[in-house]
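**Q** Structure file entry.cif (mmCIF, C-alpha atoms and all ligand atoms) right here:
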```cif
data_target
loop_
_atom_site.label_atom_id
_atom_site.label_comp_id
_atom_site.auth_asym_id
_atom_site.auth_seq_id
_atom_site.Cartn_x
_atom_site.Cartn_y
_atom_site.Cartn_z
CA MET T 1 -39.51 23.41 -2.83
CA ALA T 2 -42.20 22.07 -0.54
CA ILE T 3 -45.71 23.32 0.02
CA ILE T 4 -46.91 24.01 3.56
CA ASP T 5 -50.22 22.22 3.90
CA GLY T 6 -52.21 24.46 6.24
CA LYS T 7 -55.37 22.48 5.71
CA ALA T 8 -53.82 19.20 6.83
CA LEU T 9 -52.17 20.80 9.86
CA ALA T 10 -55.44 22.51 10.81
CA GLN T 11 -57.28 19.19 10.59
CA LYS T 12 -54.66 17.49 12.75
CA MET T 13 -54.83 20.27 15.36
CA GLN T 14 -58.65 20.23 15.35
CA ALA T 15 -58.64 16.49 16.03
CA GLU T 16 -56.19 16.94 18.91
CA LEU T 17 -58.27 19.81 20.23
CA ALA T 18 -61.48 17.74 20.18
CA GLU T 19 -59.66 15.03 22.14
CA LYS T 20 -58.28 17.30 24.85
CA THR T 21 -61.59 19.18 25.09
CA ALA T 22 -63.46 15.90 25.67
CA LYS T 23 -61.03 14.99 28.46
CA LEU T 24 -61.31 18.36 30.18
CA LYS T 25 -65.10 18.38 29.86
CA GLU T 26 -65.24 14.99 31.54
CA LYS T 27 -62.85 16.02 34.30
CA SER T 28 -64.49 19.38 35.02
CA GLY T 29 -68.12 18.66 34.22
CA GLN T 30 -68.13 21.91 32.24
CA THR T 31 -68.11 22.79 28.55
CA PRO T 32 -66.12 25.53 26.81
CA GLY T 33 -68.34 28.18 25.22
CA LEU T 34 -67.69 30.48 22.28
CA VAL T 35 -70.12 33.24 21.37
CA VAL T 36 -69.86 35.10 18.09
CA ILE T 37 -71.71 38.37 17.56
CA LEU T 38 -72.52 39.19 13.97
CA VAL T 39 -73.84 42.65 13.17
CA GLY T 40 -75.65 43.03 9.85
CA GLU T 41 -75.66 40.84 6.78
CA ASN T 42 -72.21 41.16 5.21
CA PRO T 43 -72.06 37.98 3.05
CA ALA T 44 -68.35 37.32 3.67
CA SER T 45 -68.84 37.74 7.42
CA GLN T 46 -71.76 35.30 7.34
CA VAL T 47 -69.53 32.66 5.75
CA TYR T 48 -66.74 33.27 8.30
CA VAL T 49 -69.18 33.06 11.19
CA ARG T 50 -70.72 29.84 9.90
CA ASN T 51 -67.26 28.28 9.60
CA LYS T 52 -66.38 29.34 13.13
CA GLU T 53 -69.60 27.86 14.47
CA ARG T 54 -68.93 24.60 12.65
CA SER T 55 -65.38 24.38 14.02
CA ALA T 56 -66.53 25.17 17.56
CA ILE T 57 -69.12 22.40 17.45
CA ALA T 58 -66.57 19.96 15.97
CA ALA T 59 -64.24 20.78 18.88
CA GLY T 60 -66.99 19.93 21.36
CA PHE T 61 -67.70 23.51 22.44
CA ARG T 62 -71.00 25.19 23.09
CA SER T 63 -71.39 27.67 20.30
CA GLU T 64 -73.81 30.52 19.90
CA VAL T 65 -74.05 33.02 17.06
CA ILE T 66 -75.90 36.20 17.99
CA ARG T 67 -77.14 37.82 14.80
CA VAL T 68 -78.20 41.42 15.27
CA SER T 69 -79.47 43.96 12.81
CA ASP T 70 -77.07 46.62 11.51
CA SER T 71 -79.43 49.19 12.97
CA ILE T 72 -78.25 48.21 16.47
CA THR T 73 -76.87 51.20 18.36
CA GLN T 74 -73.39 51.20 19.81
CA GLU T 75 -74.84 51.36 23.29
CA GLU T 76 -76.98 48.27 22.67
CA LEU T 77 -74.01 46.38 21.27
CA LEU T 78 -71.82 47.29 24.25
CA PHE T 79 -74.62 46.17 26.57
CA LEU T 80 -74.82 42.82 24.77
CA ILE T 81 -71.06 42.30 25.08
CA GLY T 82 -71.29 43.21 28.78
CA ARG T 83 -73.83 40.44 29.33
CA TYR T 84 -71.49 37.81 27.89
CA ASN T 85 -68.54 39.25 29.81
CA GLN T 86 -70.46 38.62 33.04
CA ASP T 87 -71.65 35.13 32.15
CA PRO T 88 -69.09 32.47 33.23
CA ALA T 89 -70.63 29.98 30.79
CA TRP T 90 -68.86 31.76 27.94
CA ASN T 91 -65.06 31.60 27.64
CA GLY T 92 -64.66 33.31 24.30
CA ILE T 93 -66.42 36.35 22.86
CA LEU T 94 -65.84 37.44 19.31
CA VAL T 95 -67.40 40.34 17.45
CA GLN T 96 -67.12 39.70 13.72
CA LEU T 97 -65.48 42.60 11.87
CA PRO T 98 -66.05 44.79 9.95
CA LEU T 99 -68.77 46.66 11.83
CA PRO T 100 -71.21 49.17 10.31
CA ALA T 101 -69.83 52.71 10.01
CA HIS T 102 -71.91 54.14 12.86
CA ILE T 103 -70.25 51.82 15.38
CA ASP T 104 -66.84 52.65 16.82
CA GLU T 105 -64.84 49.46 16.32
CA GLU T 106 -62.24 50.39 18.91
CA ALA T 107 -64.89 50.95 21.60
CA VAL T 108 -66.36 47.54 20.81
CA LEU T 109 -63.02 45.74 21.00
CA LEU T 110 -62.26 47.55 24.26
CA ALA T 111 -65.55 46.39 25.75
CA ILE T 112 -64.68 42.69 25.48
CA ASP T 113 -63.23 41.21 28.66
CA PRO T 114 -59.53 40.65 27.78
CA GLU T 115 -59.73 37.15 29.35
CA LYS T 116 -62.46 36.26 26.81
CA ASP T 117 -60.93 38.14 23.88
CA VAL T 118 -60.15 35.05 21.78
CA ASP T 119 -59.31 37.19 18.73
CA GLY T 120 -56.52 38.86 20.72
CA PHE T 121 -57.41 42.36 19.50
CA HIS T 122 -57.96 44.04 22.89
CA PRO T 123 -55.21 46.57 23.73
CA THR T 124 -54.51 44.67 26.95
CA ASN T 125 -53.73 41.56 24.94
CA MET T 126 -51.70 43.54 22.40
CA GLY T 127 -49.70 45.02 25.28
CA ARG T 128 -49.17 41.60 26.84
CA LEU T 129 -47.88 40.33 23.51
CA TRP T 130 -45.49 43.24 22.97
CA SER T 131 -44.16 43.09 26.51
CA GLY T 132 -43.30 39.42 26.14
CA HIS T 133 -46.19 37.94 28.18
CA PRO T 134 -48.71 36.85 25.56
CA VAL T 135 -52.09 35.50 26.64
CA MET T 136 -54.48 35.88 23.68
CA ILE T 137 -52.68 36.25 20.34
CA PRO T 138 -54.31 37.33 17.07
CA CYS T 139 -55.21 34.06 15.39
CA THR T 140 -53.67 34.52 11.93
CA PRO T 141 -50.09 35.17 13.11
CA ALA T 142 -50.55 32.53 15.84
CA GLY T 143 -51.45 30.02 13.11
CA ILE T 144 -48.42 31.02 11.05
CA MET T 145 -46.15 30.36 14.04
CA GLU T 146 -47.70 26.88 14.35
CA MET T 147 -47.01 26.22 10.66
CA LEU T 148 -43.38 27.35 11.00
CA ARG T 149 -42.98 25.09 14.06
CA GLU T 150 -44.59 22.09 12.34
CA TYR T 151 -42.27 22.47 9.33
CA ASN T 152 -39.19 22.93 11.57
CA VAL T 153 -38.37 26.38 10.24
CA GLU T 154 -35.43 27.73 12.22
CA LEU T 155 -36.14 31.29 13.39
CA GLU T 156 -33.29 32.05 15.77
CA SER T 157 -30.93 34.63 14.21
CA LYS T 158 -32.76 34.43 10.88
CA ARG T 159 -33.75 37.48 8.90
CA ALA T 160 -37.54 37.86 8.75
CA VAL T 161 -39.35 40.46 6.70
CA VAL T 162 -43.07 41.13 7.23
CA ILE T 163 -44.90 43.09 4.54
CA GLY T 164 -48.00 44.79 5.98
CA ARG T 165 -48.39 46.35 9.43
CA SER T 166 -52.03 45.82 10.38
CA ASN T 167 -52.93 45.26 14.03
CA ILE T 168 -54.42 41.87 13.23
CA VAL T 169 -51.62 40.40 11.12
CA GLY T 170 -48.41 42.33 10.41
CA LYS T 171 -47.63 43.88 13.80
CA PRO T 172 -48.34 40.83 15.97
CA MET T 173 -46.53 38.69 13.40
CA ALA T 174 -43.41 40.82 13.73
CA GLN T 175 -43.52 40.54 17.52
CA LEU T 176 -43.98 36.76 17.49
CA LEU T 177 -40.96 36.35 15.21
CA LEU T 178 -38.94 38.74 17.37
CA ALA T 179 -39.83 36.69 20.45
CA LYS T 180 -38.24 33.70 18.69
CA ASN T 181 -35.05 35.69 18.17
CA ALA T 182 -35.44 36.38 14.48
CA THR T 183 -34.16 39.73 13.23
CA VAL T 184 -37.34 41.36 12.01
CA THR T 185 -38.09 44.12 9.52
CA LEU T 186 -41.67 45.34 9.39
CA THR T 187 -42.54 47.03 6.09
CA HIS T 188 -45.59 48.85 4.71
CA SER T 189 -46.91 50.94 1.85
CA ARG T 190 -44.43 53.80 2.48
CA THR T 191 -41.40 51.52 2.53
CA HIS T 192 -38.86 52.40 -0.14
CA HIS T 193 -36.96 49.67 -1.99
CA LEU T 194 -39.41 47.03 -0.74
CA ALA T 195 -38.31 44.28 -3.15
CA GLU T 196 -34.68 44.80 -2.15
CA ILE T 197 -35.53 44.51 1.56
CA ALA T 198 -37.82 41.53 1.04
CA LYS T 199 -35.07 39.77 -0.90
CA GLN T 200 -32.90 39.70 2.21
CA ALA T 201 -35.46 37.61 4.08
CA ASP T 202 -34.94 34.02 5.13
CA ILE T 203 -38.61 34.13 6.14
CA LEU T 204 -40.94 36.39 4.19
CA ILE T 205 -44.48 37.00 5.45
CA VAL T 206 -46.81 38.86 3.11
CA ALA T 207 -50.07 40.39 4.40
CA ILE T 208 -51.09 43.32 2.24
CA GLY T 209 -54.26 42.40 0.37
CA ARG T 210 -52.97 42.95 -3.18
CA GLY T 211 -53.31 39.99 -5.52
CA HIS T 212 -50.02 38.57 -6.87
CA PHE T 213 -48.08 41.65 -5.72
CA VAL T 214 -45.00 39.72 -4.60
CA THR T 215 -43.10 38.29 -7.56
CA LYS T 216 -39.88 36.32 -7.61
CA ASP T 217 -37.99 39.64 -7.62
CA PHE T 218 -38.92 39.97 -3.92
CA VAL T 219 -37.69 36.55 -2.88
CA LYS T 220 -34.28 35.14 -2.04
CA GLU T 221 -33.45 31.64 -3.29
CA GLY T 222 -34.38 29.17 -0.53
CA ALA T 223 -36.57 31.57 1.49
CA VAL T 224 -39.67 30.45 3.37
CA VAL T 225 -42.66 32.38 2.03
CA ILE T 226 -45.95 32.75 3.91
CA ASP T 227 -48.82 34.28 1.97
CA VAL T 228 -51.62 35.70 4.13
CA GLY T 229 -53.43 37.54 1.33
CA MET T 230 -56.96 36.67 0.28
CA ASN T 231 -57.95 38.48 -2.89
CA ARG T 232 -60.26 37.81 -5.81
CA ASP T 233 -58.90 37.97 -9.34
CA GLU T 234 -60.93 39.26 -12.30
CA ASN T 235 -62.66 35.85 -12.58
CA GLY T 236 -63.58 35.80 -8.91
CA LYS T 237 -60.94 33.19 -8.10
CA LEU T 238 -59.30 33.36 -4.65
CA ILE T 239 -55.64 34.37 -4.96
CA GLY T 240 -52.89 35.32 -2.55
CA ASP T 241 -50.58 38.33 -2.37
CA VAL T 242 -47.77 36.18 -3.77
CA LYS T 243 -47.41 35.07 -7.38
CA PHE T 244 -47.33 31.44 -6.33
CA ASP T 245 -46.13 29.73 -9.54
CA GLU T 246 -42.98 31.76 -10.02
CA VAL T 247 -42.12 32.21 -6.31
CA ALA T 248 -42.58 28.48 -5.64
CA GLU T 249 -39.69 27.84 -8.05
CA ILE T 250 -37.21 29.58 -5.76
CA ALA T 251 -38.71 29.29 -2.26
CA SER T 252 -37.76 26.34 -0.02
CA LEU T 253 -41.22 26.33 1.57
CA ILE T 254 -44.35 28.21 0.56
CA THR T 255 -48.01 28.40 1.60
CA PRO T 256 -50.69 28.10 -1.09
CA VAL T 257 -53.86 30.19 -1.27
CA PRO T 258 -56.31 28.65 -0.55
CA GLY T 259 -55.22 25.88 1.81
CA GLY T 260 -52.37 27.68 3.59
CA VAL T 261 -52.82 30.31 6.27
CA GLY T 262 -56.64 30.48 6.09
CA PRO T 263 -57.56 27.14 7.69
CA MET T 264 -55.08 27.71 10.53
CA THR T 265 -56.72 30.98 11.57
CA ILE T 266 -59.98 29.33 12.65
CA THR T 267 -58.11 26.48 14.31
CA MET T 268 -56.16 28.95 16.45
CA LEU T 269 -59.41 30.65 17.43
CA MET T 270 -60.65 27.33 18.78
CA GLU T 271 -57.34 26.64 20.49
CA GLN T 272 -57.48 30.01 22.25
CA THR T 273 -61.06 29.36 23.36
CA TYR T 274 -59.91 26.06 24.81
CA GLN T 275 -57.01 27.78 26.59
CA ALA T 276 -59.38 30.44 28.00
CA PHE T 277 -61.65 27.66 29.26
CA LYS T 278 -58.70 25.89 30.88
CA ARG T 279 -57.56 29.09 32.57
CA SER T 280 -61.08 29.74 33.85
CA LEU T 281 -61.05 26.32 35.54
CA GLU T 282 -57.70 27.10 37.18
CA SER T 283 -58.68 30.51 38.51
P1 LIG H 301 -54.92 45.81 6.05
O1 LIG H 301 -55.42 46.13 7.40
O2 LIG H 301 -55.58 46.41 4.85
O3 LIG H 301 -53.38 46.15 6.02
C1 LIG H 301 -52.64 46.03 4.84
C2 LIG H 301 -51.22 46.40 5.12
O4 LIG H 301 -50.49 46.22 3.91
C3 LIG H 301 -51.02 47.84 5.56
O5 LIG H 301 -50.07 47.90 6.60
C4 LIG H 301 -50.50 48.53 4.30
O6 LIG H 301 -49.57 49.56 4.55
C5 LIG H 301 -49.76 47.39 3.62
N1 LIG H 301 -49.70 47.58 2.19
C6 LIG H 301 -50.72 47.82 1.34
N2 LIG H 301 -50.26 47.97 0.09
C7 LIG H 301 -48.92 47.82 0.15
C8 LIG H 301 -47.89 47.88 -0.80
N3 LIG H 301 -48.15 48.11 -2.09
N4 LIG H 301 -46.62 47.69 -0.38
C9 LIG H 301 -46.36 47.46 0.93
N5 LIG H 301 -47.29 47.39 1.88
C10 LIG H 301 -48.56 47.57 1.49
O7 LIG H 301 -54.96 44.23 5.76
P2 LIG H 301 -54.90 42.95 6.75
O8 LIG H 301 -56.15 42.89 7.54
O9 LIG H 301 -53.59 42.88 7.43
O10 LIG H 301 -54.98 41.80 5.65
C11 LIG H 301 -54.02 41.65 4.65
C12 LIG H 301 -54.43 40.53 3.72
O11 LIG H 301 -54.51 39.32 4.46
C13 LIG H 301 -55.82 40.70 3.09
O12 LIG H 301 -55.81 40.11 1.81
C14 LIG H 301 -56.72 39.91 4.00
O13 LIG H 301 -57.88 39.45 3.34
C15 LIG H 301 -55.80 38.76 4.36
N6 LIG H 301 -56.11 38.11 5.62
C16 LIG H 301 -56.18 36.77 5.61
C17 LIG H 301 -56.43 36.09 6.78
C18 LIG H 301 -56.48 34.61 6.76
O14 LIG H 301 -56.92 34.00 7.71
N7 LIG H 301 -55.99 33.98 5.70
C19 LIG H 301 -56.61 36.78 7.98
C20 LIG H 301 -56.49 38.18 7.97
C21 LIG H 301 -56.24 38.84 6.78
P3 LIG H 301 -49.96 50.95 5.30
O15 LIG H 301 -50.04 50.59 6.76
O16 LIG H 301 -48.81 51.84 5.01
O17 LIG H 301 -51.26 51.39 4.72
#
```
In structure tokens, what does this structure look like?
**A**
Amino acid sequence: MAIIDGKALAQKMQAELAEKTAKLKEKSGQTPGLVVILVGENPASQVYVRNKERSAIAAGFRSEVIRVSDSITQEELLFLIGRYNQDPAWNGILVQLPLPAHIDEEAVLLAIDPEKDVDGFHPTNMGRLWSGHPVMIPCTPAGIMEMLREYNVELESKRAVVIGRSNIVGKPMAQLLLAKNATVTLTHSRTHHLAEIAKQADILIVAIGRGHFVTKDFVKEGAVVIDVGMNRDENGKLIGDVKFDEVAEIASLITPVPGGVGPMTITMLMEQTYQAFKRSLES
């Protein structure tokens, strides 16, 4: 068994990104810009946003965090997004989720210019992904694909099982694996005989948000196991969806939590901002 070191790969990619950003800045005389809009004071969101800002600055981007009160109306928020859509100085726009209950999340995601939608959540980008012409890809599954590539995991003709069908992880994950010619099964909370199905997987991706749900009974000997989950146990410790200690004994490759998928997500966000910047220079 080997452990997939997401932290090390993320650091390597960030260093490469800073290098290519510096070159393109010099050549173009312009700087990539990422703006993050944070509504309200959700403590977890504040940490995520701070980390994104730090990564953007490390990559050599211009970074702005717009902090607005959770009393902002939907109309005001849409107006704010519209301003950044129009401003060519910004290549990436991200609205940190979740949003307060009075704001329609779908309307907000729809308002972001798809060419600046570095999270890849806009229906245009989802459609591009599903029709085989991806432009902006949700960052977590994009990061997982990078990890599988780095660790030379063969996907062609392999059996992949994805547990969880959210728009931000499970569904795009399934499509990315399908595009690499894996045979994919997408499962969810209504799936019967889940352990039996999961046990057929050569590559098992788990994104459900239930601490230590996947035990060794779900895993085939030699499978590659990717744990997306981020949960807190009763002592407040960060744990994945996979019972790492027992699954690691039978998996050929496995991601830890923390230090697996998490660090790659932010790195892919920066990579997509860079790509959006590059495309803007070409257009
Ligand atoms: P989500 O939107 O809550 O979706 C969870 C999915 O899991 C749903 O499709 C749900 O099925 C399925 N599910 C729930 N319980 C299940 C069960 N007992 N058996 C089978 N399927 C089950 O969650 P998400 O946003 O995809 O996130 C999933 C986890 O990944 C969370 O822990 C989240 O914190 C973590 N995450 C981590 C990163 C990172 O960068 N590391 C990024 C994103 C998310 P139904 O559709 O039938 O309800």
**Q** For Val68 (chain T), which residue out of T:Leu9, T:Val219, T:Ala207, T:Val36 is the nearest one, using all atoms listed in the file?
**A**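 With all atoms listed in the file as the atom set, the closest residue is T:Val36.
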**Q** Find the nearest atom pair between each residue of region 147-265 of chain T and region 117-125 of chain T for residues within 10 Å, count all atoms listed in the file, give distances in Å to one decimal, sort rows by chain and ascending number, and present the table as JSON lines.
**A**
```
{"residue": "T:Asn167", "atom": "CA", "partner": "T:Phe121", "partner_atom": "CA", "distance": 7.6}
{"residue": "T:Ile168", "atom": "CA", "partner": "T:Phe121", "partner_atom": "CA", "distance": 7.0}
{"residue": "T:Pro172", "atom": "CA", "partner": "T:Gly120", "partner_atom": "CA", "distance": 9.7}
{"residue": "T:Thr265", "atom": "CA", "partner": "T:Asp119", "partner_atom": "CA", "distance": 9.8}
```
**Q** Within 7 Å of ligand LIG 301 (chain H), counting all atoms listed in the file, which protein or nucleic acid residues do you find, written as a ChimeraX atom specification?
**A** /T:140,163-166,168-170,187-191,207-210,228-231,241,261-263,265
**Q** Please write out, as AutoDock Vina command-line options, where the centre of an axis-aligned box around all listed atoms of region 44-53 of chain T lies and how long its edges are, in Å to one decimal, after adding 6 Å on each side.
**A**
```
--center_x -69.1 --center_y 32.8 --center_z 9.1 --size_x 17.4 --size_y 21.9 --size_z 22.8
```
**Q** Between T:Val225, T:Ile72, T:Ala174, T:Ala195, which has the minimum distance to Ile250 (chain T) (counting only C-alpha atoms)?
**A** T:Val225
**Q** Between T:Asp87, T:Ser69, T:Ala248, T:Val35, which one has atoms that come closest to Ala56 (chain T), using all atoms listed in the file?
**A**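 For Ala56 (chain T), the nearest of the candidates is T:Val35.
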**Q** Pick out the closest residue to Lys20 (chain T) from this set: T:Val49, T:Met270, T:Leu109, T:Ile205. Count only C-alpha atoms.
**A**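 Smallest separation from Lys20 (chain T) among the options: T:Met270.
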**Q** Could you pull the residues within 10 Å of Ala58 (chain T), counting all atoms listed in the file, minus those fewer than 3 positions along the same chain, as a ChimeraX atom specification?
**A** /T:14-15,17-18,52-55,61-62,270
**Q** How many Å separate CA of Asn181 (chain T) from CA of Ile3 (chain T)?
**A** 24.4 Å
**Q** Might you pull out every residue within 7 Å of Gln74 (chain T), with only C-alpha atoms counted and same-chain residues fewer than 3 positions away left off, and present them as a ChimeraX atom specification?
**A** /T:77-78,103
**Q** For a cutoff of 7 Å around the file-coordinate point (-45.7, 28.5, -4.4), which residues qualify once you count all atoms listed in the file? I'd like the result as a ChimeraX atom specification.
**A** /T:3,244-245,247-248,254-256
**Q** Take the residues that were just selected and, keeping C-alpha atoms, output them as a PDB file, keeping the file's coordinate frame.
**A**
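Generated file (out.pdb):
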```pdb
ATOM      1  CA  ILE T   3     -45.710  23.320   0.020  1.00  0.00           C
ATOM      2  CA  PHE T 244     -47.330  31.440  -6.330  1.00  0.00           C
ATOM      3  CA  ASP T 245     -46.130  29.730  -9.540  1.00  0.00           C
ATOM      4  CA  VAL T 247     -42.120  32.210  -6.310  1.00  0.00           C
ATOM      5  CA  ALA T 248     -42.580  28.480  -5.640  1.00  0.00           C
ATOM      6  CA  ILE T 254     -44.350  28.210   0.560  1.00  0.00           C
ATOM      7  CA  THR T 255     -48.010  28.400   1.600  1.00  0.00           C
ATOM      8  CA  PRO T 256     -50.690  28.100  -1.090  1.00  0.00           C
TER       9      PRO T 256
END
```
**Q** Please measure the separation of CA of Val153 (chain T) and CA of Ile4 (chain T), giving the value in Å to one decimal.
**A** 11.1 Å
**Q** To one decimal place, how far is CA of Ala179 (chain T) from CA of Pro141 (chain T) in Å?
**A**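 Pair CA of Ala179 (chain T) / CA of Pro141 (chain T) returns 12.7 Å.
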**Q** Name the closest residue to Leu148 (chain T) among the candidates T:Ala107, T:Met13, T:Met126, T:Leu177; distances are taken between atoms, counting all atoms listed in the file.
**A**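 Going through T:Ala107, T:Met13, T:Met126, T:Leu177 one by one, the smallest distance to Leu148 (chain T) is for T:Leu177.
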**Q** Take the point (-59.6, 24.0, 33.2) in the file's coordinates, draw a sphere of radius 9 Å around it, and report as number ranges by chain every protein, DNA or RNA residue with an atom inside or on it, counting all atoms listed in the file.
**A** T: 24-25, 27-28, 30, 274-283
**Q** Give me a file of those residues, with C-alpha atoms, as a PDB file, in the frame of the given file.
**A**
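Contents of again-v7.pdb, as written:
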```
ATOM      1  CA  LEU T  24     -61.310  18.360  30.180  1.00  0.00           C
ATOM      2  CA  LYS T  25     -65.100  18.380  29.860  1.00  0.00           C
ATOM      3  CA  LYS T  27     -62.850  16.020  34.300  1.00  0.00           C
ATOM      4  CA  SER T  28     -64.490  19.380  35.020  1.00  0.00           C
ATOM      5  CA  GLN T  30     -68.130  21.910  32.240  1.00  0.00           C
ATOM      6  CA  TYR T 274     -59.910  26.060  24.810  1.00  0.00           C
ATOM      7  CA  GLN T 275     -57.010  27.780  26.590  1.00  0.00           C
ATOM      8  CA  ALA T 276     -59.380  30.440  28.000  1.00  0.00           C
ATOM      9  CA  PHE T 277     -61.650  27.660  29.260  1.00  0.00           C
ATOM     10  CA  LYS T 278     -58.700  25.890  30.880  1.00  0.00           C
ATOM     11  CA  ARG T 279     -57.560  29.090  32.570  1.00  0.00           C
ATOM     12  CA  SER T 280     -61.080  29.740  33.850  1.00  0.00           C
ATOM     13  CA  LEU T 281     -61.050  26.320  35.540  1.00  0.00           C
ATOM     14  CA  GLU T 282     -57.700  27.100  37.180  1.00  0.00           C
ATOM     15  CA  SER T 283     -58.680  30.510  38.510  1.00  0.00           C
TER      16      SER T 283
END
```
**Q** I'd like to know which of T:Leu176, T:Ile239, T:Ala111, T:Ile57 is closest to Ile144 (chain T), using only C-alpha atoms.
**A** T:Leu176
**Q** For Met264 (chain T), please output as a list of chain:residue names all residues within 7 Å (counting all atoms listed in the file; exclusion window: fewer than 4 positions along the same chain).
**A**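 My reading of the contact set: T:Gly6, T:Ala10, T:Gly143, T:Met268.
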**Q** Would you mind exporting C-alpha atoms of the selected residues as a PDB file, in the coordinates of the input?
**A**
```pdb
ATOM      1  CA  GLY T   6     -52.210  24.460   6.240  1.00  0.00           C
ATOM      2  CA  ALA T  10     -55.440  22.510  10.810  1.00  0.00           C
ATOM      3  CA  GLY T 143     -51.450  30.020  13.110  1.00  0.00           C
ATOM      4  CA  MET T 268     -56.160  28.950  16.450  1.00  0.00           C
TER       5      MET T 268
END
```
**Q** Considering only C-alpha atoms, return as a short mmCIF file (atom, residue, chain, number, x, y, z; two decimals) with C-alpha atoms, keeping the file's coordinate frame whatever protein or nucleic-acid residues lie within 7 Å of Lys116 (chain T), sequence-local ones (same chain, fewer than 4 positions apart) excluded.
**A**
```
data_model
loop_
_atom_site.label_atom_id
_atom_site.label_comp_id
_atom_site.auth_asym_id
_atom_site.auth_seq_id
_atom_site.Cartn_x
_atom_site.Cartn_y
_atom_site.Cartn_z
CA ASN T 91 -65.06 31.60 27.64
CA GLY T 92 -64.66 33.31 24.30
CA ILE T 93 -66.42 36.35 22.86
CA ILE T 112 -64.68 42.69 25.48
CA ALA T 276 -59.38 30.44 28.00
#
```
**Q** Can you tell me, as a ChimeraX atom specification, what residues are no more than 12 Å from Gln46 (chain T) when counting all atoms listed in the file, ignoring any on the same chain fewer than 5 positions away?
**A** /T:36-41,51-53,65-68,96-98
**Q** Using the partial input, fill out region 211-222 of chain T with N, CA, C and O atoms; write the result as a CSV table (one decimal), in the frame of the given file.
**A**
```csv
chain,number,residue,atom,x,y,z
T,211,GLY,N,-53.5,41.2,-4.8
T,211,GLY,CA,-53.3,40.0,-5.5
T,211,GLY,C,-52.0,39.9,-6.3
T,211,GLY,O,-51.7,40.8,-7.1
T,212,HIS,N,-51.3,38.9,-6.1
T,212,HIS,CA,-50.0,38.6,-6.9
T,212,HIS,C,-49.0,39.7,-6.9
T,212,HIS,O,-48.3,39.9,-7.8
T,213,PHE,N,-49.0,40.5,-5.8
T,213,PHE,CA,-48.1,41.6,-5.7
T,213,PHE,C,-46.6,41.2,-5.6
T,213,PHE,O,-45.7,41.8,-6.2
T,214,VAL,N,-46.4,40.2,-4.8
T,214,VAL,CA,-45.0,39.7,-4.6
T,214,VAL,C,-44.6,38.7,-5.7
T,214,VAL,O,-45.1,37.6,-5.7
T,215,THR,N,-43.6,39.1,-6.5
T,215,THR,CA,-43.1,38.3,-7.6
T,215,THR,C,-41.8,37.7,-7.1
T,215,THR,O,-41.3,37.9,-6.0
T,216,LYS,N,-41.1,36.9,-8.0
T,216,LYS,CA,-39.9,36.3,-7.6
T,216,LYS,C,-38.8,37.4,-7.4
T,216,LYS,O,-37.8,37.1,-6.7
T,217,ASP,N,-39.0,38.6,-7.9
T,217,ASP,CA,-38.0,39.6,-7.6
T,217,ASP,C,-37.9,40.0,-6.2
T,217,ASP,O,-37.0,40.8,-5.7
T,218,PHE,N,-38.9,39.6,-5.4
T,218,PHE,CA,-38.9,40.0,-3.9
T,218,PHE,C,-38.3,38.8,-3.1
T,218,PHE,O,-38.3,39.0,-1.8
T,219,VAL,N,-38.0,37.7,-3.7
T,219,VAL,CA,-37.7,36.6,-2.9
T,219,VAL,C,-36.3,36.0,-3.1
T,219,VAL,O,-35.8,35.8,-4.2
T,220,LYS,N,-35.6,35.7,-2.0
T,220,LYS,CA,-34.3,35.1,-2.0
T,220,LYS,C,-34.4,33.6,-2.3
T,220,LYS,O,-35.3,33.0,-1.8
T,221,GLU,N,-33.5,33.1,-3.0
T,221,GLU,CA,-33.4,31.6,-3.3
T,221,GLU,C,-33.4,30.9,-1.9
T,221,GLU,O,-32.6,31.2,-1.1
T,222,GLY,N,-34.4,30.0,-1.8
T,222,GLY,CA,-34.4,29.2,-0.5
T,222,GLY,C,-35.2,29.8,0.6
T,222,GLY,O,-35.3,29.2,1.7
```
